[in-house]
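Notes follow once the structure below has been shown.
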Amino acid sequence: MKRLILLFFVTLLFTNINAQHTDGNIFGDVQSEGEHIPFATIHLEGTTIGTTTDETGHYMLIDLPVGKYVIVAKSMGYSTSKQEVIIEANKTIEVNFVLEQESMHLEQVVVTGTKTFKRVTESPIIVNVLESKNIQAVQACNISEGLKFQPGLRIETDCQTCNYTQLRMNGLGGGYSQILINGRPVFSPLIGLYGMEQIPANMVDRIEVVRGGGSALYGSSAIGGTVNVITHLPKSNNYSVSYTTHRINKAATDNVMNANVTMVSKKRNAGAVLFVNRQDREAYDHPGVTLNADGTQTIEKDGYSELPQLRNNSFGGNLFFHPTPNQKIEVSFTSLHEYRYGGEMIDKSPHLAQQSEERVHNIFMGGVDYQLNFNDDNTSFIAYFAGQTTDRDHYTGLYPVRGEYESDSDFDEAEMLHLKNPPYGHTDNLTLQGGTQINHRVEKFLIGSNVLTAGVEYIVDDIVDSIPQYGFGTNQKTENLAAFLQSDWKMSSSFTFLAGLRADKHNLLDHAILSPRLSLLYRLKDYTQFRLTWGTGFRAPQAFDADMHIAFAGGGVSRISLDDDLKEERSNSFSGSVNFDYPREKYIFGFTLEGFYTKLADAFHLQPIGADDLGEQFLKQNGPGATVKGATMEFRANYNKKAQIEAGFTLQTSLHAEAVEYIDGLESKREFLRTPNEYGYLVLMLNPTSRISISANGLYTGTMLQAKYSPDETLVPNEYRTAPSYAEIGLKLGYTFPVKSIDTGIEIYGGVKNLGNVYQKDFDNYRNRDSDYIYGPSLPRTIYIGIKLKTI
C-alpha cells in the first residue's frame, strides 16, 4: 500500500514537472532481506548527480539529462549494486535495489594506503582496518587499548610511574610510527607520550593501519608504518550514552562515561557528530620487590602506584557541509583535558611525595578539509589545514632522603632547596599543517587507467619544555616542506602498479630527502591479491616522544640529550604478501601472509654516558645500523553474521648491525630492548540473536630483553633481564532490551579484562625504583559492568 501511495504522488509530481521539462526522472527504494535501508547512497556513475534514501529507504532523482547511465546504490556493510538505465525525455522510471549484507567488509573503502579512496581489495598497499565494533568488543576505553588487536602492532607501557605508552609496528619503536588524526599528522612528538590513552574510543569510526615502507608518502617518522584514526562522520540521526565502572584487582575503581549524538539535515547535505567522554580512575598499587639490607627480598605493596590516577574530560565533533553536489567541507575539533598522577600515593602536593610524577594536559586539535570535484568527477582538488595546541604543567621529582647525605646540614640544605624551588615544569607545544592535493583520473592511459596525485604540504611543530631545577628542557622548532607525486596505474583488472615519490626539506637538515615508493598488485580472480612493495624513509635528527620523558632509576632522574652531530636516520623497506578471502552465501573465511624486511642506516641509539648528581644520563646518537625482519600471519572468518573470528601472529627479529651499550659497564647487545620475537592476538565475536552479544579476546607476547637498573647497587648490581612471555584473556557479554516505542535499545553488559591476572611480579618498590623496568599487560585482572542507551 505504501508503494502504491508513493507511486501515485510521484507520478502526480512528475506529471506536473514533465509538462514543463524534457528531462527524465527515477524513483525507487533500496532493501536488504525485506527491510528498507535508510540513507543509502544513490548516484549516476561518472557524474556528480546523486542523492540518498530517506528514513523509509526510498529515493527520487528528478530533472535528469537523457541518455544511457549506470545507477549505483551502496551502503556501509552491504555489497554495492549497479543497474543500467536509459533516461528518456518526459518519462519516469522505477529502479529498485536489493543489497546483500557483507559478512566482512571486503568492499570497504580505505584512504590511508594511497591518499585517495580505494576499495581495500584494490589497494596496492595492504591496509588493515580496526572497526568500531571490534573496539567495542574488547571494551577498549581509548585507542591504546584497541590497537593491541591488530597484526604487527604492540602497545607497551614504558613507565611504572606515569604509564606513558608506545606503539611498536613490525618491531620498531614509537618514534618510527606516524599517528594521524583524519589523515593529518597533528599527533606531535609530545602528544605521542600520552595521546593514545587520551583519545577516547567513542570518537573513533575506524582506524586504518599501513605497516612498513608502504607509508612513505606520509614523510618523516613513517618508517615503521602509519596509523590513521578516522573519527565519526554523520550518516543518520542517532545517539548513544553509556556508563561503565571497572574494578581493578579488587583495589581501585575506574569509571568511564561517554556519549555520542549524530544529526543530519533533511536534504542530507549537512550534519554533525558530537561526542563527550569522562574518565575517573583511582591509582593502583601492586605488590613489588623490596630489597632488604641483608640482601633478601620481600614481596609487598609499598604505597606507590603502578597505575596512575587519571581524570580525563574530552569533547569534540565532526561536521560536514555539501554547498553543492560537487563540493564538500569537513570540520573537526577535539578538546582534551587530563590530570595524571603517579608515585607515592599521598593526598598532598606532588613535591611533598617521596617520588612522583604529575601531568596536567590541556589539548585542543582540529582541522578543516575542502574538496571540489569537477571535470565529470575525473578531477578533485583538496585543500586542508589542521593543528593542535598543548598546554602542559608537570612535576617529576624525588624528595630528599636524610640517609643519602653525608651530614644533617647537607640534608637540611637539600630539603630547603627542594621545598623552596621544587622541580615543576611547563610545556607549550604548537603543531600546524596546511596543504593542497589534486587527483586526476585518466581513463585511457597507455593500457588501462591511471589516477595521478600531486600535492604539497607544510608542517611546523614548536615545543618549549623546561624544568629549570634540573637544567633540563627542550626548545625545538621543526619545519618541513614536502611535495609528493603518485601514479596509481590500473593496467588491467588483474594488475595495478603504484609509484610514488615524496621530497622533504626539513629545517634540521641542509639537504632535501627523496623517498620513493613502488608497489605492484596482482589480483587472481576476485578473492586473491598478491602484493610487492618497496619504499625508503627517514627520521629527522630531532627529539621524539621518549626523548622528552624523564624516568626514575636508582634514586635519581634519568635524562636524554641529543648529540650535536646527530644526523638523519634512513630506511630501506621491502614487503610481500598474499591475501585470500573466500565468500559464500552463509560464510566467509580468509587469510593474509606477509613478509617484511627493513634495513636502517645510522639508526638512533641511546648511549649511556654516566651519572651526575641528578641521576643517569643518555646521549641520543647515530648507531651502526640495524635490521628488522619477519612475517605476519592473519586469519579471519565470519559465519552468517552470527560468529566472527580475527587473529594475527607475528614472528620477527630486530638486531643492530653491531652490539650497542645499554647500561654503562655491562656487555653490549645486538638485540633491541623491549622487542619480543613473537606476539599475536585473537578476537572472537558471537551474536546468536540481535539482542545478545558475546566476545572473547586474547593477547600473547613472547620473551624480551630488558635493561634493569638496581635500586641499590651495593645490594644488587645493574643487569639485563629477560622478561617472561605472557598471555592475557578478556571476556564480554551484553544483552540489549529494545524499547521500540522510542526507537531505543538498553544494553546491559559486563566482562573481565586479563582474566588470569597475569601481571608483572618483580616491580621495584619504593622511592628508588627503576620506573623504566616494566613489561606485561597494562592492567591486572579488571572486572567491569555497564549500561548503554542507543538508537535501534
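Chain labels follow the order of the C-alpha cells: the first chain is A, the next B, and so on; residue numbering restarts at 1 in every chain, and ligands are counted from 1 in their shown order.
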Hey, what's within 10 Å of Asn480 (chain A) if we count only C-alpha atoms and toss same-chain stuff fewer than 6 positions away? As a list in words, please?
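Everything that qualifies: Gly219, Ser220, Gln433, Glu457, Tyr458, Ile459, Val460, Asp461, Ala503, Asp504, Lys505, His506, Asn507, Leu508, Leu509, Ala512 and Ala540 of chain A.
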For region 691-741 of chain A against region 542-563 of chain A, with a cut-off of 10 Å and counting only C-alpha atoms, what is the closest atom pair and its distance in Å to one decimal for every residue that makes the cut, ordered by chain and number, as JSON lines?
{"residue": "A:Lys708", "atom": "CA", "partner": "A:Ala553", "partner_atom": "CA", "distance": 9.0}
{"residue": "A:Tyr709", "atom": "CA", "partner": "A:Ala553", "partner_atom": "CA", "distance": 6.2}
{"residue": "A:Ser710", "atom": "CA", "partner": "A:Gly554", "partner_atom": "CA", "distance": 5.9}
{"residue": "A:Pro711", "atom": "CA", "partner": "A:Gly554", "partner_atom": "CA", "distance": 4.3}
{"residue": "A:Asp712", "atom": "CA", "partner": "A:Gly554", "partner_atom": "CA", "distance": 6.3}
{"residue": "A:Glu713", "atom": "CA", "partner": "A:Gly554", "partner_atom": "CA", "distance": 8.1}
{"residue": "A:Asn718", "atom": "CA", "partner": "A:Gly554", "partner_atom": "CA", "distance": 9.6}
Selection export as a PDB file, in the first residue's frame, atoms kept: N, CA, C and O atoms:
ATOM      1  N   LYS A 708      67.859  -3.395  33.421  1.00  0.00           N
ATOM      2  CA  LYS A 708      67.374  -3.236  34.801  1.00  0.00           C
ATOM      3  C   LYS A 708      68.412  -2.524  35.651  1.00  0.00           C
ATOM      4  O   LYS A 708      69.509  -3.021  35.892  1.00  0.00           O
ATOM      5  N   TYR A 709      68.050  -1.301  36.083  1.00  0.00           N
ATOM      6  CA  TYR A 709      68.906  -0.545  36.993  1.00  0.00           C
ATOM      7  C   TYR A 709      68.516  -0.883  38.435  1.00  0.00           C
ATOM      8  O   TYR A 709      67.342  -0.894  38.789  1.00  0.00           O
ATOM      9  N   SER A 710      69.492  -1.150  39.254  1.00  0.00           N
ATOM     10  CA  SER A 710      69.229  -1.568  40.636  1.00  0.00           C
ATOM     11  C   SER A 710      68.839  -0.378  41.504  1.00  0.00           C
ATOM     12  O   SER A 710      69.423   0.704  41.374  1.00  0.00           O
ATOM     13  N   PRO A 711      67.879  -0.565  42.430  1.00  0.00           N
ATOM     14  CA  PRO A 711      67.575   0.491  43.400  1.00  0.00           C
ATOM     15  C   PRO A 711      68.748   0.766  44.341  1.00  0.00           C
ATOM     16  O   PRO A 711      68.868   1.860  44.886  1.00  0.00           O
ATOM     17  N   ASP A 712      69.604  -0.246  44.534  1.00  0.00           N
ATOM     18  CA  ASP A 712      70.764  -0.107  45.423  1.00  0.00           C
ATOM     19  C   ASP A 712      71.865  -1.033  44.919  1.00  0.00           C
ATOM     20  O   ASP A 712      71.819  -2.242  45.124  1.00  0.00           O
ATOM     21  N   GLU A 713      72.866  -0.465  44.239  1.00  0.00           N
ATOM     22  CA  GLU A 713      73.922  -1.283  43.638  1.00  0.00           C
ATOM     23  C   GLU A 713      74.811  -1.956  44.672  1.00  0.00           C
ATOM     24  O   GLU A 713      75.569  -2.868  44.335  1.00  0.00           O
ATOM     25  N   ASN A 718      73.347  -3.578  38.601  1.00  0.00           N
ATOM     26  CA  ASN A 718      72.581  -3.389  37.366  1.00  0.00           C
ATOM     27  C   ASN A 718      72.746  -4.627  36.494  1.00  0.00           C
ATOM     28  O   ASN A 718      73.789  -5.293  36.526  1.00  0.00           O
TER      29      ASN A 718
END
Min atom-atom distance to Asp158 (chain A) from the set A:Arg674, A:Ala386, A:Tyr679, A:Phe472, counting only C-alpha atoms, belongs to A:Arg674
* **Nearest candidate to Val578 (chain A) (options A:Pro124, A:Gly680, A:Gly152, A:Pro777; using only C-alpha atoms)** =>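 Residue with the minimum atom-to-atom distance to Val578 (chain A): A:Pro124.
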Contacts between region 273-297 of chain A and region 668-778 of chain A, please, where a residue of region 668-778 of chain A counts if it comes within 9 Å (with only C-alpha atoms); show its shortest atom pair and distance in Å to one decimal, rows by chain and ascending number, as JSON lines.
{"residue": "A:Pro711", "atom": "CA", "partner": "A:Leu291", "partner_atom": "CA", "distance": 8.0}
{"residue": "A:Asp712", "atom": "CA", "partner": "A:Leu291", "partner_atom": "CA", "distance": 8.1}
{"residue": "A:Leu715", "atom": "CA", "partner": "A:Gly295", "partner_atom": "CA", "distance": 5.8}
{"residue": "A:Val716", "atom": "CA", "partner": "A:Gly295", "partner_atom": "CA", "distance": 7.8}
{"residue": "A:Gln760", "atom": "CA", "partner": "A:Gly288", "partner_atom": "CA", "distance": 8.5}
{"residue": "A:Lys761", "atom": "CA", "partner": "A:Gly288", "partner_atom": "CA", "distance": 6.3}
{"residue": "A:Asp762", "atom": "CA", "partner": "A:Gly288", "partner_atom": "CA", "distance": 5.5}
{"residue": "A:Phe763", "atom": "CA", "partner": "A:Gly288", "partner_atom": "CA", "distance": 4.6}
{"residue": "A:Asp764", "atom": "CA", "partner": "A:Val289", "partner_atom": "CA", "distance": 5.2}
{"residue": "A:Asn765", "atom": "CA", "partner": "A:Thr290", "partner_atom": "CA", "distance": 5.4}
{"residue": "A:Tyr766", "atom": "CA", "partner": "A:Thr290", "partner_atom": "CA", "distance": 7.6}
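Using only C-alpha atoms, the shortest contact distance between Phe497 (chain A) and any of A:Ile125, A:Val442, A:Val72, A:Val368 is found at A:Ile125.
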Env of Ser690 (chain A): 12 Å cut, atoms = only C-alpha atoms, seq-sep filter 5 positions within chain, self excluded. Answer as a ChimeraX atom specification.
/A:641-642,734-738,745,747,792
Keeping N, CA and C atoms, export the residues of the selection given above as a compact mmCIF listing (two decimals), in the first residue's frame.
# COMPACT_ATOMS: atom_id res chain seq x y z
N LYS A 641 27.01 -13.88 9.81
CA LYS A 641 26.94 -12.70 10.66
C LYS A 641 26.59 -13.04 12.11
N LYS A 642 26.72 -14.30 12.46
CA LYS A 642 26.46 -14.74 13.84
C LYS A 642 27.75 -14.96 14.62
N GLY A 734 26.89 -9.08 26.53
CA GLY A 734 25.93 -7.98 26.54
C GLY A 734 24.55 -8.44 26.10
N TYR A 735 23.52 -7.78 26.62
CA TYR A 735 22.14 -8.07 26.23
C TYR A 735 21.41 -6.74 26.05
N THR A 736 20.71 -6.62 24.91
CA THR A 736 20.01 -5.38 24.58
C THR A 736 18.50 -5.58 24.71
N PHE A 737 17.86 -4.71 25.48
CA PHE A 737 16.41 -4.69 25.62
C PHE A 737 15.86 -3.61 24.69
N PRO A 738 15.12 -3.98 23.66
CA PRO A 738 14.59 -2.96 22.75
C PRO A 738 13.37 -2.25 23.35
N GLY A 745 17.43 1.16 22.31
CA GLY A 745 17.82 -0.09 22.93
C GLY A 745 18.58 0.19 24.21
N GLU A 747 21.24 -1.54 26.51
CA GLU A 747 22.18 -2.66 26.58
C GLU A 747 22.82 -2.73 27.96
N ILE A 792 18.11 2.26 17.94
CA ILE A 792 17.99 0.99 17.22
C ILE A 792 17.08 1.17 16.01
Discussion item. As an exercise, work out the distance from CA of Met263 (chain A) to CA of Lys133 (chain A) in Å and give it to one decimal place.
Written reply: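 Straight-line distance from CA of Met263 (chain A) to CA of Lys133 (chain A) works out to 20.6 Å.
Each of A:Val464, A:Leu789, A:Ile692, A:Ile748 was checked against Asn238 (chain A) using only C-alpha atoms; the smallest atom-to-atom distance is that of A:Leu789.
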